[in-house]
$ cat input-v2.txt   # compact mmCIF, C-alpha atoms
# COMPACT_ATOMS: atom_id res chain seq x y z
CA MET A 25 12.63 9.85 2.45
CA LEU A 26 11.29 11.24 -0.83
CA ALA A 27 12.86 10.44 -4.18
CA ILE A 28 12.48 11.23 -7.84
CA ALA A 29 13.17 8.50 -10.37
CA ASP A 30 14.72 8.93 -13.75
CA THR A 31 12.61 7.24 -16.45
CA CYS A 32 15.37 4.86 -17.57
CA LEU A 33 16.03 3.60 -14.04
CA LEU A 34 12.37 3.05 -13.29
CA ILE A 35 11.71 1.14 -16.51
CA ASP A 36 14.77 -0.98 -15.86
CA TRP A 37 13.70 -1.69 -12.29
CA ALA A 38 10.31 -2.82 -13.55
CA ASN A 39 12.08 -6.00 -14.69
CA TYR A 40 13.74 -6.70 -11.34
CA ARG A 41 12.06 -9.40 -9.27
CA ARG A 42 12.62 -7.40 -6.07
CA ARG A 43 11.33 -4.13 -7.52
CA ASN A 44 8.87 -3.69 -4.65
CA ILE A 45 11.68 -2.81 -2.24
CA LEU A 46 11.42 0.70 -3.73
CA ALA A 47 8.08 1.08 -1.97
CA GLU A 48 9.63 0.03 1.34
CA LEU A 49 12.75 2.16 1.08
CA PHE A 50 11.09 5.47 0.23
CA HIS A 51 8.03 7.25 1.58
CA ALA A 52 7.15 8.13 -1.99
CA ILE A 53 8.84 8.31 -5.38
CA TYR A 54 8.02 11.08 -7.80
CA VAL A 55 7.72 9.79 -11.33
CA PRO A 56 8.11 12.26 -14.20
CA GLU A 57 5.09 12.48 -16.49
CA GLN A 58 7.25 11.38 -19.39
CA VAL A 59 7.52 7.86 -17.97
CA LEU A 60 3.95 7.12 -19.02
CA ASP A 61 4.81 7.85 -22.65
CA GLU A 62 7.81 5.54 -22.45
CA VAL A 63 5.99 2.39 -21.33
CA LYS A 64 3.92 0.13 -23.57
CA SER A 65 3.82 -3.30 -21.96
CA GLU A 66 0.93 -4.26 -19.71
CA GLY A 67 3.18 -5.71 -16.99
CA VAL A 68 5.20 -2.54 -16.49
CA LEU A 69 2.20 -0.22 -16.86
CA SER A 70 0.31 -2.31 -14.33
CA TRP A 71 3.19 -2.08 -11.83
CA ILE A 72 3.35 1.69 -12.25
CA THR A 73 -0.38 2.30 -11.99
CA THR A 74 -0.66 0.00 -8.96
CA ASN A 75 2.01 2.11 -7.28
CA PHE A 76 0.22 5.31 -8.27
CA ALA A 77 -2.94 3.91 -6.69
CA SER A 78 -1.17 2.98 -3.46
CA GLY A 79 0.59 6.34 -3.25
CA THR A 80 4.08 4.86 -3.52
CA PHE A 81 4.54 6.64 -6.84
CA ILE A 82 3.36 10.19 -7.39
CA LEU A 83 3.14 11.75 -10.83
CA PHE A 84 5.67 14.58 -11.09
CA THR A 85 4.90 17.58 -13.26
CA PRO A 86 7.86 19.97 -13.27
CA THR A 87 7.12 23.61 -12.51
CA GLY A 88 8.67 26.54 -14.39
CA ASP A 89 11.46 27.08 -11.87
CA ILE A 90 12.58 23.46 -12.13
CA ILE A 91 12.50 23.48 -15.93
CA ASN A 92 14.50 26.74 -16.00
CA GLU A 93 17.06 25.29 -13.60
CA ALA A 94 17.22 22.09 -15.66
CA ARG A 95 17.93 24.12 -18.79
CA ARG A 96 20.67 26.00 -16.95
CA ILE A 97 22.31 22.68 -16.00
CA ILE A 98 22.10 21.44 -19.59
CA ASP A 99 23.77 24.61 -20.90
CA ILE A 100 26.60 24.54 -18.36
CA VAL A 101 27.32 20.89 -19.05
CA ALA A 102 27.15 21.55 -22.80
CA LYS A 103 29.95 24.10 -22.39
CA THR A 104 32.12 21.63 -20.47
CA PRO A 105 34.06 19.81 -23.21
CA TRP A 106 34.96 16.63 -21.34
CA ALA A 107 31.58 16.08 -19.67
CA ARG A 108 28.93 13.63 -20.78
CA LYS A 109 26.02 15.72 -21.99
CA ILE A 110 22.74 15.67 -20.09
CA GLU A 111 19.22 15.85 -21.52
CA LEU A 112 16.09 17.47 -20.12
CA PRO A 113 14.52 14.43 -18.34
CA GLU A 114 17.65 13.75 -16.25
CA ALA A 115 18.31 17.46 -15.71
CA ILE A 116 14.76 17.86 -14.35
CA CYS A 117 15.40 15.09 -11.81
CA LEU A 118 18.66 16.72 -10.77
CA ALA A 119 17.06 20.16 -10.45
CA ALA A 120 14.25 18.65 -8.35
CA GLY A 121 16.88 16.98 -6.20
CA LYS A 122 18.45 20.34 -5.47
CA ILE A 123 15.40 22.58 -5.24
CA LEU A 124 13.07 20.12 -3.47
CA GLY A 125 15.62 17.96 -1.64
CA TYR A 126 14.60 14.66 -3.23
CA VAL A 127 16.98 11.73 -3.58
CA VAL A 128 17.62 11.32 -7.31
CA LEU A 129 17.36 7.74 -8.56
CA THR A 130 19.34 7.48 -11.78
CA GLU A 131 22.05 5.54 -13.58
CA ASN A 132 22.60 8.40 -16.02
CA ARG A 133 26.28 9.25 -16.26
CA GLY A 134 25.50 12.75 -17.47
CA ALA A 135 23.54 13.46 -14.27
CA ILE A 136 26.25 11.94 -12.10
CA MET A 137 28.94 14.01 -13.84
CA ALA A 138 26.82 17.17 -13.66
CA ARG A 139 26.62 16.81 -9.89
CA GLU A 140 30.39 16.61 -9.73
CA ILE A 141 31.12 19.57 -11.98
CA LEU A 142 28.56 21.94 -10.45
CA PRO A 143 29.67 22.78 -6.91
CA GLU A 144 26.16 23.84 -5.89
CA TYR A 145 24.93 20.32 -6.72
CA GLN A 146 27.43 18.37 -4.68
CA GLU A 147 25.00 17.99 -1.78
CA VAL A 148 22.32 16.40 -3.98
CA ARG A 149 21.96 12.73 -3.11
CA ILE A 150 22.07 10.44 -6.14
CA TYR A 151 21.30 6.75 -5.74
CA LYS A 152 22.27 4.38 -8.53
CA SER A 153 20.71 0.91 -8.55
CA ILE A 154 23.59 -0.49 -6.52
CA ASP A 155 23.04 2.20 -3.86
CA ILE A 156 19.35 1.32 -3.63
CA ILE A 157 20.23 -2.36 -3.23
CA GLU A 158 22.85 -1.51 -0.60
CA ASN A 159 20.31 0.46 1.41
CA ALA A 160 17.80 -2.38 1.09
CA MET A 161 20.38 -4.85 2.41
CA ILE A 162 21.37 -2.61 5.33
CA ARG A 163 17.72 -2.12 6.26
CA GLY A 164 17.01 -5.85 6.03
CA LEU A 165 14.62 -5.52 3.08
CA ILE A 166 16.91 -7.86 1.18
CA LYS A 167 18.10 -10.53 3.59
CA VAL A 168 21.78 -11.38 3.41
CA LYS A 169 23.79 -13.28 5.98
CA ASP A 170 27.19 -13.58 4.32
CA ARG A 171 29.23 -12.43 1.34
CA ASP A 172 27.91 -15.25 -0.83
CA ASP A 173 24.38 -13.98 -0.23
CA ILE A 174 25.45 -10.48 -1.21
CA TYR A 175 27.02 -11.68 -4.45
CA ARG A 176 23.97 -13.83 -5.19
CA GLU A 177 21.65 -10.86 -4.72
CA LEU A 178 23.75 -8.66 -7.00
CA GLU A 179 23.73 -11.43 -9.60
CA ILE A 180 19.92 -11.58 -9.42
CA PHE A 181 19.70 -7.88 -10.25
CA CYS A 182 22.24 -8.21 -13.06
CA GLU A 183 20.42 -11.24 -14.46
CA ASP A 184 16.99 -9.57 -14.40
CA THR A 185 18.14 -6.26 -15.88
CA LYS A 186 21.36 -7.06 -17.77
CA HIS A 187 23.51 -4.78 -15.68
CA ILE A 188 27.16 -4.91 -14.78
CA PHE A 189 28.27 -3.19 -11.60
CA ARG A 190 31.67 -1.55 -11.31
CA LYS A 191 34.08 -3.52 -9.12
CA ASP A 192 34.77 -0.50 -6.91
CA ASP A 193 31.04 -0.10 -6.23
CA VAL A 194 30.67 -3.81 -5.43
CA TYR A 195 33.60 -3.72 -2.98
CA ARG A 196 32.17 -0.60 -1.35
CA LEU A 197 28.76 -2.25 -0.99
CA ILE A 198 30.26 -5.39 0.54
CA LYS A 199 32.24 -3.31 3.03
CA ARG A 200 29.26 -1.22 4.09
CA VAL A 201 26.80 -4.11 4.24
CA SER A 202 29.35 -6.21 6.13
CA GLU A 203 29.79 -3.44 8.66
CA GLY A 204 26.08 -2.67 8.93
CA VAL A 205 24.42 -6.06 8.72
CA LEU A 206 26.71 -9.05 8.77
CA ARG A 207 28.37 -7.97 12.00
CA GLU A 208 24.99 -8.18 13.75
CA ASN A 209 24.52 -11.82 12.74
CA MET B 28 31.67 28.15 -11.62
CA VAL B 29 32.48 24.67 -12.89
CA LEU B 30 34.76 22.18 -11.21
CA ASN B 31 37.92 21.65 -13.21
CA ASP B 32 39.83 19.08 -11.18
CA SER B 33 42.01 17.00 -13.47
CA LYS B 34 41.90 13.99 -11.12
CA VAL B 35 38.09 13.96 -11.18
CA ILE B 36 38.06 14.40 -14.95
CA ASP B 37 40.58 11.58 -15.43
CA LYS B 38 38.53 9.29 -13.18
CA PHE B 39 35.35 9.98 -15.14
CA LEU B 40 37.03 9.49 -18.49
CA LYS B 41 38.64 6.24 -17.32
CA GLU B 42 35.28 4.93 -16.10
CA GLU B 43 33.66 5.94 -19.39
CA LYS B 44 36.29 4.03 -21.36
CA GLU B 45 35.98 0.92 -19.19
CA ALA B 46 32.20 0.93 -19.57
CA ARG B 47 32.40 1.48 -23.33
CA ASP B 48 34.92 -1.36 -23.72
CA LEU B 49 32.66 -3.73 -21.76
CA ARG B 50 29.61 -2.82 -23.84
CA ARG B 51 31.60 -3.31 -27.06
CA LYS B 52 32.98 -6.64 -25.90
CA MET B 53 29.71 -8.12 -24.67
CA ALA B 54 27.45 -6.89 -27.46
CA ASN B 55 26.02 -9.41 -29.90
CA TRP B 56 27.35 -7.79 -33.06
CA GLU B 57 25.74 -10.38 -35.32
CA PHE B 58 22.33 -9.38 -33.94
CA ILE B 59 23.16 -5.66 -34.15
CA ASN B 60 24.41 -5.80 -37.74
CA LYS B 61 21.20 -7.52 -38.88
CA GLN B 62 18.99 -4.65 -37.63
CA PRO B 63 17.49 -1.93 -39.84
CA THR B 64 19.76 1.12 -40.14
CA ARG B 65 18.04 3.30 -37.55
CA ILE B 66 17.98 0.55 -34.92
CA ARG B 67 21.56 -0.47 -35.63
CA LEU B 68 22.81 3.09 -35.31
CA ALA B 69 20.86 3.55 -32.06
CA LEU B 70 22.39 0.38 -30.59
CA GLU B 71 25.86 1.50 -31.69
CA TYR B 72 25.23 4.91 -30.13
CA PHE B 73 24.21 3.20 -26.88
CA ILE B 74 27.37 1.09 -26.94
CA GLU B 75 29.49 4.21 -27.33
CA THR B 76 27.72 6.35 -24.73
CA GLY B 77 25.46 4.24 -22.48
CA ASP B 78 22.79 6.91 -22.93
CA MET B 79 19.47 5.09 -23.24
CA TYR B 80 17.27 8.18 -23.59
CA VAL B 81 19.00 9.54 -26.70
CA ALA B 82 19.47 6.02 -28.11
CA SER B 83 15.74 5.37 -27.84
CA ARG B 84 15.10 8.63 -29.75
CA VAL B 85 17.53 7.67 -32.48
CA ALA B 86 15.77 4.29 -32.78
CA GLY B 87 12.32 5.90 -32.84
CA LEU B 88 11.29 3.69 -29.91
CA THR B 89 10.08 4.27 -26.37
CA ILE B 90 12.64 3.76 -23.62
CA GLU B 91 10.96 0.49 -22.63
CA GLU B 92 11.10 -0.82 -26.19
CA PHE B 93 14.73 0.23 -26.54
CA ASN B 94 15.61 -1.36 -23.21
CA ASP B 95 14.16 -4.68 -24.43
CA LEU B 96 16.17 -4.35 -27.63
CA ARG B 97 19.35 -3.59 -25.66
CA LYS B 98 18.87 -6.83 -23.73
CA LYS B 99 18.35 -8.82 -26.94
CA ALA B 100 21.59 -7.30 -28.25
CA ASN B 101 23.28 -8.36 -24.99
CA ILE B 102 24.50 -4.84 -24.23
CA PRO B 103 24.86 -4.33 -20.49
CA ILE B 104 24.15 -1.19 -18.52
CA VAL B 105 27.47 -0.57 -16.80
CA SER B 106 26.86 1.39 -13.64
$ encode --input "input-v2.txt" --output "structure tokens"
Amino acid sequence: MLAIADTCLLIDWANYRRRNILAELFHAIYVPEQVLDEVKSEGVLSWITTNFASGTFILFTPTGDIINEARRIIDIVAKTPWARKIELPEAICLAAGKILGYVVLTENRGAIMAREILPEYQEVRIYKSIDIIENAMIRGLIKVKDRDDIYRELEIFCEDTKHIFRKDDVYRLIKRVSEGVLREN
Amino acid sequence: MVLNDSKVIDKFLKEEKEARDLRRKMANWEFINKQPTRIRLALEYFIETGDMYVASRVAGLTIEEFNDLRKKANIPIVS
């Protein structure tokens, strides 16, 4: 499975102690060029460059068709009064998700709303952090044997990155992981 | 063609409000109010919208630097 990561998600994940599950979940993750301008600390830069070297991360330079499509998304969303606006970096990830079939890794509400309001984007797969963690649990990359373990793992992510997950998403994760993993134990 | 389903719109707007309320409630306002104008406004913008990219631009910081600042201000990412 190939993915493209939004800059904000990737930088946030750099602080998560289990960040290396990304390399196990995806064949490769395309990283927009912009991410390199957004990172200053040695620890995060070192993590990114190590992953470039191993081939887990691949530098993504958007082509003209993707940029044009991204601008089209931005304009449509801009004309939708109730929608959260979307900027070029997230729109590029979304356009790449549609044109190239990548899973889009993002927490950006604008991107998530854009997928909902544009019918031609409803097939694009978007994974938020909680979806990545859910997949890692189901595939046994994060070991959990009961609900307490699941909660503990979610707390670890929230502690490392200062996140709060929506209750509905947490309940959905517990249900799916319980069905997929805990039943086997 | 753009989707115009009032149930979907209501759901999004409700989620936006819940997230904004949480960010407002958890934020360390004492820390935020002590910051230079540009930084303070960027943190307030992030509290209102949750949009880290634009907030980092308002602050004149990289996303990584803004993310560190967000944590110091105890503003969660609600996702």
$ interface_residues --input "input-v2.txt" --of "chain B" --to "chain A" --cutoff "12 Å" --atoms "all atoms listed in the file" --output "PyMOL selection string"
chain B and resi 28-43+45-47+49-50+53-54+75-84+87-106
$ axis_aligned_box --input "input-v2.txt" --around "range 91-109 of chain A" --padding-each-side "6 Å" --output "JSON"
{"center_x": 23.7, "center_y": 20.2, "center_z": -18.4, "size_x": 34.5, "size_y": 25.1, "size_z": 21.6}
$ residues_around --input "input-v2.txt" --residues "Ile45 in chain A" --least-positions-apart "3" --cutoff "10 Å" --atoms "all atoms listed in the file" --output "list of chain:residue names"
A:Arg41, A:Arg42, A:Glu48, A:Leu49, A:Phe50, A:Ile156, A:Ile157, A:Asn159, A:Ala160, A:Leu165, A:Ile166
$ atom_distance --input "input-v2.txt" --atom1 "CA of Ala29 in chain A" --atom2 "CA of Val168 in chain A"
25.7 Å
$ atom_distance --input "input-v2.txt" --atom1 "CA of Glu147 in chain A" --atom2 "CA of Val127 in chain A"
10.3 Å
$ closest_residue --input "input-v2.txt" --among "A:Leu46, A:Ile98, A:Ala52, A:Val205" --to "Phe76 in chain A" --atoms "only C-alpha atoms"
A:Ala52
$ residues_near_point --input "input-v2.txt" --point "(12.7, 22.2, -13.8)" --cutoff "6 Å" --atoms "all atoms listed in the file" --output "NGL selection string"
:A and (86-94 or 116 or 119)
$ residues_around --input "input-v2.txt" --residues "Arg67 in chain B" --least-positions-apart "2" --cutoff "12 Å" --atoms "all atoms listed in the file" --output "list in words"
Ala54, Asn55, Trp56, Glu57, Phe58, Ile59, Asn60, Lys61, Gln62, Pro63, Thr64, Arg65, Ala69, Leu70, Glu71, Tyr72, Phe73, Ile74, Ala82, Ser83, Val85, Ala86, Gly87, Phe93, Leu96, Arg97 and Ala100 of chain B
$ atom_distance --input "input-v2.txt" --atom1 "CA of Trp71 in chain A" --atom2 "CA of Lys169 in chain A"
29.4 Å
$ closest_residue --input "input-v2.txt" --among "A:Gly204, A:Leu129, A:Tyr145, A:Ile198" --to "Ile162 in chain A" --atoms "all atoms listed in the file"
A:Gly204
$ decode --input "input-v2.txt" --residues "chain B" --atoms "C-alpha atoms" --output "mmCIF file, in the first residue's frame"
data_model
loop_
_atom_site.group_PDB
_atom_site.id
_atom_site.type_symbol
_atom_site.label_atom_id
_atom_site.label_comp_id
_atom_site.auth_asym_id
_atom_site.auth_seq_id
_atom_site.Cartn_x
_atom_site.Cartn_y
_atom_site.Cartn_z
ATOM 1 C CA MET B 28 -21.164 19.395 -8.429
ATOM 2 C CA VAL B 29 -20.817 19.845 -4.682
ATOM 3 C CA LEU B 30 -22.538 17.780 -2.031
ATOM 4 C CA ASN B 31 -25.124 19.813 -0.178
ATOM 5 C CA ASP B 32 -26.522 17.363 2.353
ATOM 6 C CA SER B 33 -27.715 19.242 5.421
ATOM 7 C CA LYS B 34 -27.117 16.227 7.695
ATOM 8 C CA VAL B 35 -23.475 16.008 6.610
ATOM 9 C CA ILE B 36 -23.038 19.761 6.976
ATOM 10 C CA ASP B 37 -24.605 19.730 10.452
ATOM 11 C CA LYS B 38 -22.345 16.847 11.501
ATOM 12 C CA PHE B 39 -19.225 18.686 10.332
ATOM 13 C CA LEU B 40 -20.234 21.929 11.991
ATOM 14 C CA LYS B 41 -21.042 20.131 15.244
ATOM 15 C CA GLU B 42 -17.657 18.394 15.211
ATOM 16 C CA GLU B 43 -15.933 21.704 14.487
ATOM 17 C CA LYS B 44 -17.642 23.343 17.452
ATOM 18 C CA GLU B 45 -16.799 20.467 19.810
ATOM 19 C CA ALA B 46 -13.151 20.567 18.748
ATOM 20 C CA ARG B 47 -12.967 24.356 19.090
ATOM 21 C CA ASP B 48 -14.543 24.226 22.568
ATOM 22 C CA LEU B 49 -12.013 21.596 23.684
ATOM 23 C CA ARG B 50 -9.071 23.610 22.372
ATOM 24 C CA ARG B 51 -10.383 26.747 24.098
ATOM 25 C CA LYS B 52 -10.947 24.921 27.363
ATOM 26 C CA MET B 53 -7.600 23.139 27.510
ATOM 27 C CA ALA B 54 -5.401 25.979 26.281
ATOM 28 C CA ASN B 55 -3.013 27.625 28.714
ATOM 29 C CA TRP B 56 -4.282 31.173 28.265
ATOM 30 C CA GLU B 57 -1.736 32.624 30.671
ATOM 31 C CA PHE B 58 1.055 31.285 28.438
ATOM 32 C CA ILE B 59 -0.728 32.440 25.267
ATOM 33 C CA ASN B 60 -1.379 35.967 26.520
ATOM 34 C CA LYS B 61 2.304 36.429 27.402
ATOM 35 C CA GLN B 62 3.449 35.753 23.815
ATOM 36 C CA PRO B 63 4.442 38.440 21.295
ATOM 37 C CA THR B 64 1.492 39.630 19.189
ATOM 38 C CA ARG B 65 2.179 37.518 16.109
ATOM 39 C CA ILE B 66 2.620 34.311 18.100
ATOM 40 C CA ARG B 67 -0.417 35.010 20.266
ATOM 41 C CA LEU B 68 -2.619 35.645 17.248
ATOM 42 C CA ALA B 69 -1.339 32.476 15.567
ATOM 43 C CA LEU B 70 -2.136 30.393 18.662
ATOM 44 C CA GLU B 71 -5.592 31.976 18.874
ATOM 45 C CA TYR B 72 -6.130 31.247 15.190
ATOM 46 C CA PHE B 73 -5.149 27.612 15.793
ATOM 47 C CA ILE B 74 -7.568 27.386 18.715
ATOM 48 C CA GLU B 75 -10.385 28.671 16.518
ATOM 49 C CA THR B 76 -9.651 26.546 13.456
ATOM 50 C CA GLY B 77 -7.233 23.698 14.278
ATOM 51 C CA ASP B 78 -5.354 24.585 11.089
ATOM 52 C CA MET B 79 -1.657 24.204 11.864
ATOM 53 C CA TYR B 80 -0.356 25.133 8.408
ATOM 54 C CA VAL B 81 -1.938 28.590 8.305
ATOM 55 C CA ALA B 82 -1.238 29.142 12.018
ATOM 56 C CA SER B 83 2.462 28.463 11.458
ATOM 57 C CA ARG B 84 2.445 31.048 8.634
ATOM 58 C CA VAL B 85 0.767 33.630 10.826
ATOM 59 C CA ALA B 86 3.410 32.981 13.504
ATOM 60 C CA GLY B 87 6.266 33.182 10.999
ATOM 61 C CA LEU B 88 7.438 29.740 12.130
ATOM 62 C CA THR B 89 7.945 26.363 10.495
ATOM 63 C CA ILE B 90 5.266 23.762 11.153
ATOM 64 C CA GLU B 91 7.620 21.894 13.486
ATOM 65 C CA GLU B 92 8.334 25.039 15.495
ATOM 66 C CA PHE B 93 4.645 25.894 15.670
ATOM 67 C CA ASN B 94 3.777 22.345 16.713
ATOM 68 C CA ASP B 95 6.228 22.626 19.632
ATOM 69 C CA LEU B 96 4.670 25.946 20.591
ATOM 70 C CA ARG B 97 1.165 24.451 20.416
ATOM 71 C CA LYS B 98 2.231 21.769 22.891
ATOM 72 C CA LYS B 99 3.717 24.355 25.260
ATOM 73 C CA ALA B 100 0.398 26.224 25.082
ATOM 74 C CA ASN B 101 -1.370 22.931 25.887
ATOM 75 C CA ILE B 102 -3.603 23.135 22.814
ATOM 76 C CA PRO B 103 -4.596 19.659 21.662
ATOM 77 C CA ILE B 104 -5.054 18.464 18.117
ATOM 78 C CA VAL B 105 -8.619 17.188 18.157
ATOM 79 C CA SER B 106 -9.016 14.560 15.490
#
